[in-house]
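J.: This is the content of run_32.cif (mmCIF, C-alpha atoms):
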```cif
data_data
loop_
_atom_site.label_atom_id
_atom_site.label_comp_id
_atom_site.auth_asym_id
_atom_site.auth_seq_id
_atom_site.Cartn_x
_atom_site.Cartn_y
_atom_site.Cartn_z
CA MET A 234 99.84 147.96 108.96
CA LYS A 235 98.48 148.45 105.44
CA LYS A 236 101.27 146.21 104.05
CA LEU A 237 100.38 143.51 106.57
CA ALA A 238 96.72 143.78 105.63
CA PHE A 239 97.71 143.27 101.97
CA LEU A 240 99.69 140.13 102.92
CA ALA A 241 96.58 138.68 104.52
CA TRP A 242 94.85 138.83 101.11
CA ILE A 243 97.56 136.75 99.35
CA PRO A 244 96.14 133.29 100.25
CA LEU A 245 92.72 134.40 99.00
CA LEU A 246 94.25 135.61 95.72
CA ILE A 247 96.05 132.27 95.25
CA ILE A 248 92.82 130.34 95.90
CA GLU A 249 91.00 132.54 93.35
CA ASN A 250 93.73 131.88 90.76
CA VAL A 251 93.66 128.13 91.42
CA SER A 252 89.88 128.00 90.99
CA ALA A 253 90.21 130.02 87.78
CA LEU A 254 92.84 127.56 86.51
CA GLU A 255 90.57 124.63 87.32
CA GLU A 256 87.78 126.14 85.26
CA ILE A 257 90.09 126.78 82.31
CA ASN A 258 91.80 123.42 82.16
CA GLN A 259 88.88 121.23 83.32
CA ILE A 260 91.13 119.46 85.83
CA ASP A 261 91.23 119.43 89.64
CA MET A 262 94.75 120.88 90.03
CA SER A 263 94.80 121.01 93.86
CA GLY A 264 93.71 117.36 94.13
CA THR A 265 96.26 116.33 91.51
CA ILE A 266 99.07 118.15 93.35
CA VAL A 267 98.13 116.44 96.66
CA ARG A 268 98.15 113.03 94.91
CA LEU A 269 101.50 113.79 93.28
CA ILE A 270 103.06 114.88 96.60
CA SER A 271 101.70 111.82 98.42
CA TYR A 272 103.20 109.49 95.77
CA LEU A 273 106.56 111.26 95.97
CA LEU A 274 106.49 111.01 99.79
CA GLY A 275 105.71 107.31 99.38
CA VAL A 276 108.79 106.93 97.15
CA CYS A 277 111.03 108.66 99.74
CA GLY A 278 109.65 106.74 102.74
CA ALA A 279 109.74 103.33 101.06
CA ALA A 280 113.29 103.85 99.68
CA TYR A 281 114.62 104.92 103.10
CA LEU A 282 112.89 101.97 104.80
CA ALA A 283 114.16 99.52 102.15
CA ALA A 284 117.73 100.69 102.82
CA GLY A 285 117.26 100.32 106.59
CA LEU A 286 115.75 96.85 106.31
CA TRP A 287 118.48 95.71 103.89
CA SER A 288 121.23 96.75 106.32
CA ARG A 289 119.28 95.01 109.12
CA SER A 290 119.11 91.79 107.04
CA GLU A 291 122.90 91.78 106.57
CA LYS A 292 123.42 91.83 110.34
CA GLY A 293 120.47 89.64 111.31
CA SER A 294 117.85 87.36 109.81
CA GLN A 295 117.60 87.08 106.02
CA SER A 296 113.81 87.35 106.32
CA TRP A 297 114.13 91.17 106.53
CA LYS A 298 115.43 91.05 102.95
CA TYR A 299 112.00 89.96 101.65
CA ILE A 300 110.30 93.01 103.18
CA SER A 301 113.13 95.18 101.83
CA VAL A 302 112.53 93.82 98.29
CA SER A 303 108.80 94.42 98.76
CA MET A 304 109.57 98.07 99.67
CA ILE A 305 111.84 98.48 96.61
CA LEU A 306 108.99 97.26 94.39
CA PHE A 307 106.65 99.60 96.26
CA VAL A 308 108.97 102.47 95.21
CA PHE A 309 108.48 101.40 91.56
CA TRP A 310 104.73 101.20 92.13
CA ASN A 311 104.72 104.79 93.44
CA ILE A 312 106.82 105.95 90.48
CA ILE A 313 104.28 104.34 88.11
CA GLY A 314 101.48 106.10 90.05
CA THR A 315 103.28 109.42 89.61
CA PHE A 316 103.66 108.78 85.86
CA SER A 317 99.97 107.88 85.60
CA ILE A 318 99.02 111.25 87.18
CA LEU A 319 101.37 113.10 84.82
CA LEU A 320 99.92 111.25 81.81
CA ASP A 321 96.36 112.09 82.93
CA VAL A 322 97.29 115.78 83.15
CA LEU A 323 99.09 115.61 79.80
CA THR A 324 96.09 113.99 78.10
CA ILE A 325 93.74 116.73 79.30
CA ARG A 326 96.07 119.71 78.82
CA LYS A 327 97.74 118.60 75.59
CA SER A 328 95.71 120.88 73.34
CA THR A 329 95.97 123.99 75.57
CA SER A 330 99.59 123.75 76.78
CA GLY A 331 101.18 123.31 73.33
CA ILE A 332 103.13 120.15 74.25
CA VAL A 333 104.10 118.23 71.10
CA ILE A 334 103.43 114.51 71.59
CA SER A 335 101.68 112.11 69.25
CA ASP A 336 98.45 110.39 70.31
CA GLU A 337 99.98 106.98 69.55
CA ALA A 338 102.93 107.54 71.88
CA LEU A 339 100.65 108.86 74.62
CA ASN A 340 98.33 105.84 74.29
CA THR A 341 101.31 103.46 74.41
CA TYR A 342 102.58 105.06 77.63
CA ILE A 343 99.08 104.89 79.18
CA ILE A 344 98.75 101.18 78.26
CA ILE A 345 102.19 100.37 79.74
CA VAL A 346 101.32 102.19 82.98
CA LYS A 347 97.88 100.53 83.17
CA MET A 348 99.48 97.10 82.67
CA LEU A 349 102.35 97.54 85.14
CA ASP A 350 100.31 99.11 87.96
CA PRO A 351 98.23 96.02 89.00
CA VAL A 352 101.05 93.55 88.24
CA ILE A 353 103.59 95.30 90.48
CA ALA A 354 100.97 95.80 93.23
CA VAL A 355 100.28 92.04 93.32
CA ILE A 356 104.03 91.18 93.42
CA VAL A 357 104.57 93.71 96.27
CA PHE A 358 101.90 92.14 98.47
CA LEU A 359 102.90 88.54 97.64
CA ILE A 360 106.52 89.23 98.68
CA LEU A 361 105.30 91.04 101.83
CA LEU A 362 103.20 87.99 102.77
CA PHE A 363 106.18 85.67 102.17
CA GLY A 364 108.48 87.95 104.23
CA LEU A 365 106.07 88.15 107.17
CA ARG A 366 105.74 84.34 107.14
CA LYS A 367 109.55 83.99 107.24
CA ILE A 368 109.79 86.45 110.16
CA ILE A 369 107.10 84.68 112.21
CA ASP A 370 108.72 81.29 111.49
CA ALA A 371 112.06 82.64 112.72
CA MET A 372 110.41 84.13 115.81
CA ARG A 373 108.75 80.80 116.67
CA THR A 374 111.68 78.46 116.01
CA LYS A 375 114.86 80.52 116.67
CA PRO A 376 113.89 83.95 118.07
CA TRP A 377 117.57 84.98 118.62
CA THR A 378 118.20 84.82 114.84
CA VAL A 379 115.73 87.67 114.13
CA PHE A 380 118.25 90.35 115.13
CA CYS A 381 121.62 88.63 114.86
CA LYS A 382 123.19 86.01 112.60
CA GLU A 383 122.92 82.39 113.73
CA ASP A 384 126.72 81.76 113.72
CA GLU A 385 127.41 84.77 115.93
CA ALA A 386 124.65 83.71 118.32
CA GLU A 387 126.12 80.20 118.53
CA LYS A 388 129.62 81.59 119.16
CA SER A 389 128.36 83.81 121.96
CA ASN A 390 126.54 80.82 123.51
CA GLU A 391 129.75 78.76 123.45
CA MET B 82 94.20 97.53 73.90
CA ASN B 83 90.72 96.43 74.82
CA GLU B 84 89.14 98.21 77.83
CA GLU B 85 87.60 94.93 79.01
CA PHE B 86 91.08 93.40 79.31
CA PHE B 87 92.10 96.06 81.84
CA VAL B 88 88.86 95.55 83.80
CA ILE B 89 89.59 91.80 84.08
CA LEU B 90 93.28 92.41 84.90
CA ASN B 91 92.40 94.93 87.63
CA THR B 92 89.72 92.67 89.11
CA ILE B 93 92.04 89.63 89.28
CA ALA B 94 94.85 91.76 90.75
CA SER B 95 92.46 93.25 93.33
CA ILE B 96 91.22 89.81 94.42
CA ILE B 97 94.81 88.53 94.84
CA MET B 98 95.73 91.70 96.75
CA ILE B 99 92.75 91.35 99.13
CA ILE B 100 93.67 87.69 99.84
CA CYS B 101 97.34 88.63 100.43
CA THR B 102 96.47 91.55 102.72
CA VAL B 103 94.06 89.48 104.83
CA LEU B 104 96.68 86.70 105.22
CA SER B 105 99.37 89.32 106.02
CA PHE B 106 97.11 90.80 108.70
CA GLN B 107 96.68 87.36 110.27
CA LEU B 108 100.48 86.90 110.30
CA LEU B 109 100.87 90.35 111.86
CA VAL B 110 98.48 89.34 114.64
CA GLY B 111 100.69 86.27 115.16
CA ILE B 112 103.84 88.42 115.30
CA SER B 113 102.30 90.76 117.88
CA ARG B 114 101.47 87.69 120.03
CA GLU B 115 105.08 86.48 119.79
CA LEU B 116 106.40 89.89 120.85
CA LYS B 117 105.71 89.35 124.54
CA GLY B 118 109.18 87.79 124.92
CA LEU B 119 111.04 90.66 123.18
CA LYS B 120 110.38 93.65 125.43
CA THR B 121 113.70 95.39 124.66
CA MET B 122 112.61 95.97 121.04
CA ASP B 123 109.35 97.69 121.99
CA VAL B 124 109.64 100.94 119.96
CA MET B 125 110.92 99.23 116.82
CA TRP B 126 108.23 96.57 116.89
CA THR B 127 105.45 99.09 117.61
CA ASN B 128 106.55 101.13 114.58
CA PHE B 129 106.89 97.94 112.51
CA ILE B 130 103.34 96.81 113.34
CA ILE B 131 101.87 100.28 112.64
CA MET B 132 103.79 100.54 109.34
CA ILE B 133 102.73 97.08 108.13
CA ASN B 134 99.13 97.83 109.18
CA LEU B 135 99.20 101.02 107.10
CA PHE B 136 100.71 99.08 104.20
CA ILE B 137 97.90 96.52 104.44
CA LEU B 138 95.32 99.35 104.64
CA LEU B 139 96.91 100.86 101.52
CA GLY B 140 96.60 97.56 99.67
CA ILE B 141 92.96 97.08 100.69
CA THR B 142 92.11 100.70 99.72
CA LYS B 143 93.77 100.23 96.33
CA ALA B 144 92.10 96.86 95.70
CA VAL B 145 88.61 97.94 96.85
CA GLY B 146 89.06 101.22 94.95
CA SER B 147 89.95 99.42 91.70
CA ILE B 148 86.81 97.26 91.93
CA GLY B 149 84.66 100.16 93.22
CA ILE B 150 85.59 102.42 90.32
CA ILE B 151 84.48 99.74 87.84
CA ILE B 152 81.05 99.57 89.53
CA PHE B 153 80.59 103.30 90.25
CA LYS B 154 82.88 105.89 88.62
CA GLY B 155 81.88 108.62 91.12
CA LEU B 156 83.81 106.89 93.91
CA GLN B 157 87.19 107.61 92.28
CA PRO B 158 87.97 110.92 94.09
CA VAL B 159 87.07 109.38 97.47
CA PHE B 160 89.42 106.43 96.97
CA GLU B 161 92.18 108.67 95.63
CA ALA B 162 91.89 110.93 98.70
CA LEU B 163 92.00 107.89 101.01
CA LEU B 164 95.04 106.55 99.15
CA SER B 165 96.83 109.91 99.47
CA VAL B 166 96.15 110.16 103.23
CA THR B 167 97.31 106.56 103.79
CA LEU B 168 100.48 107.18 101.73
CA ILE B 169 101.34 110.29 103.77
CA LEU B 170 100.82 108.36 107.05
CA PHE B 171 102.90 105.49 105.61
CA PHE B 172 105.73 107.94 104.88
CA VAL B 173 105.72 109.18 108.50
CA PHE B 174 105.82 105.70 110.04
CA ALA B 175 108.33 104.37 107.47
CA ILE B 176 110.75 107.13 108.55
CA GLN B 177 110.04 106.38 112.25
CA LEU B 178 110.70 102.66 111.67
CA SER B 179 113.91 103.35 109.73
CA LEU B 180 115.21 105.53 112.56
CA SER B 181 114.41 102.91 115.21
CA ILE B 182 116.04 100.17 113.08
CA GLU B 183 119.17 102.34 112.74
CA GLU B 184 119.30 102.72 116.54
CA ILE B 185 119.16 98.93 116.99
CA THR B 186 121.77 98.32 114.25
CA GLU B 187 124.24 100.75 115.87
#
```
Give the structure from the file, written as structure tokens.

T.:
Amino acid sequence: MKKLAFLAWIPLLIIENVSALEEINQIDMSGTIVRLISYLLGVCGAAYLAAGLWSRSEKGSQSWKYISVSMILFVFWNIIGTFSILLDVLTIRKSTSGIVISDEALNTYIIIVKMLDPVIAVIVFLILLFGLRKIIDAMRTKPWTVFCKEDEAEKSNE
Amino acid sequence: MNEEFFVILNTIASIIMIICTVLSFQLLVGISRELKGLKTMDVMWTNFIIMINLFILLGITKAVGSIGIIIFKGLQPVFEALLSVTLILFFVFAIQLSLSIEEITE
């Protein structure tokens, strides 16, 4: 029972250590980890969905390909977001962690990330808009082409 | 690089993103109206509409957040938390949609 009682204290010890780390490094580590995990989950989800939509577009309407491309770019956007978090942490902890990187290189990476982030975000949403317009056009004019190729649909009609 | 350049770049990008997301939402409303004739694809389309809605929400959060941070720096943690929650929900529904698309493809 005493061992079990000790185990119950472990989460409290971890929380104490995390708060101590936050004070030392002047950075919200728990918030940063949550952001990092959410970006990585975004990468996984978007990549899996892009693959699914691409295979769907090969068997059906080409309009699914636009949303698939939008998802692939969204993967890149998430990767850039992950890099931006890592660069933020690196900037703050550079002096304490002993990582050797020049200020010039770090600034260059930050500028590249800051430039790419809004540009890719705009392209993602423009392609999404274009893809949705293609899908709704297909649904209004030839709804059978949304899930199967036009030639196959014509053959089956004959 | 100049800090003002990034402020202008982020503001222009945010405005374009808000316009795109609003237009995408209107198209999504149109798609959901057209769906009445495709009852066999119910699960896939439900997941598709939820996923695109979350994607639009993500875009609006990002765009409003980018402009909001310029005006008031204290809002940054709030927008980052909202972005993280939306991304996690997006992951769940993206997986659901992929699975339902796979079922239809097979």

J.: Kindly provide, as a PyMOL selection string, the polymer residues lying within 9 Å of (101.6, 111.0, 104.3), counting all atoms listed in the file and using the coordinates exactly as they appear in the file.

T.: (chain A and resi 270-272+274-275) or (chain B and resi 165-174)

J.: Residues of chain B were defined as contacting chain A if any atom lay at most 8 Å from it, counting only C-alpha atoms; please report them as a VMD selection string.

T.: chain B and resid 82 87 90 to 91 94 to 95 97 to 98 101 to 102 104 to 105 108 to 109 111 to 112 115 140 161 to 162 165 to 166 168 to 169 171 to 173 175 to 176 178 to 179 182 to 183 186

J.: To one decimal place in Å, what is the distance between CA of Glu84 (chain B) and CA of Leu349 (chain A)?

T.: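 Result for CA of Glu84 (chain B) versus CA of Leu349 (chain A): 15.1 Å, one decimal.
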
J.: As an exercise, work out the distance from CA of Met132 (chain B) to CA of Trp297 (chain A) in Å and give it to one decimal place.

T.: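 We find that CA of Met132 (chain B) and CA of Trp297 (chain A) lie 14.2 Å from each other.
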
J.: Using all atoms listed in the file, what residues lie at most 12 Å away from (87.3, 109.4, 94.5) (file coordinates), given as JSON, numbers by chain?

T.: {"A": [261, 264, 265, 268], "B": [142, 143, 145, 146, 147, 149, 150, 153, 154, 155, 156, 157, 158, 159, 160, 161, 162, 163, 164, 165]}

J.: CA of Ser303 (chain A) and CA of Lys367 (chain A), how far apart in Å?

T.: 13.5 Å

J.: Given the file shown, enumerate the residues that the PyMOL selection byres ((chain B and resi 123-125) around 10) captures and present them as a list in words.

T.: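 That selection, the PyMOL selection byres ((chain B and resi 123-125) around 10), comes back as Leu116, Lys117, Leu119, Lys120, Thr121, Met122, Trp126, Thr127, Asn128, Phe129, Ile130, Gln177, Leu178, Ser179, Leu180, Ser181, Ile182, Glu183, Glu184 and Ile185 of chain B.
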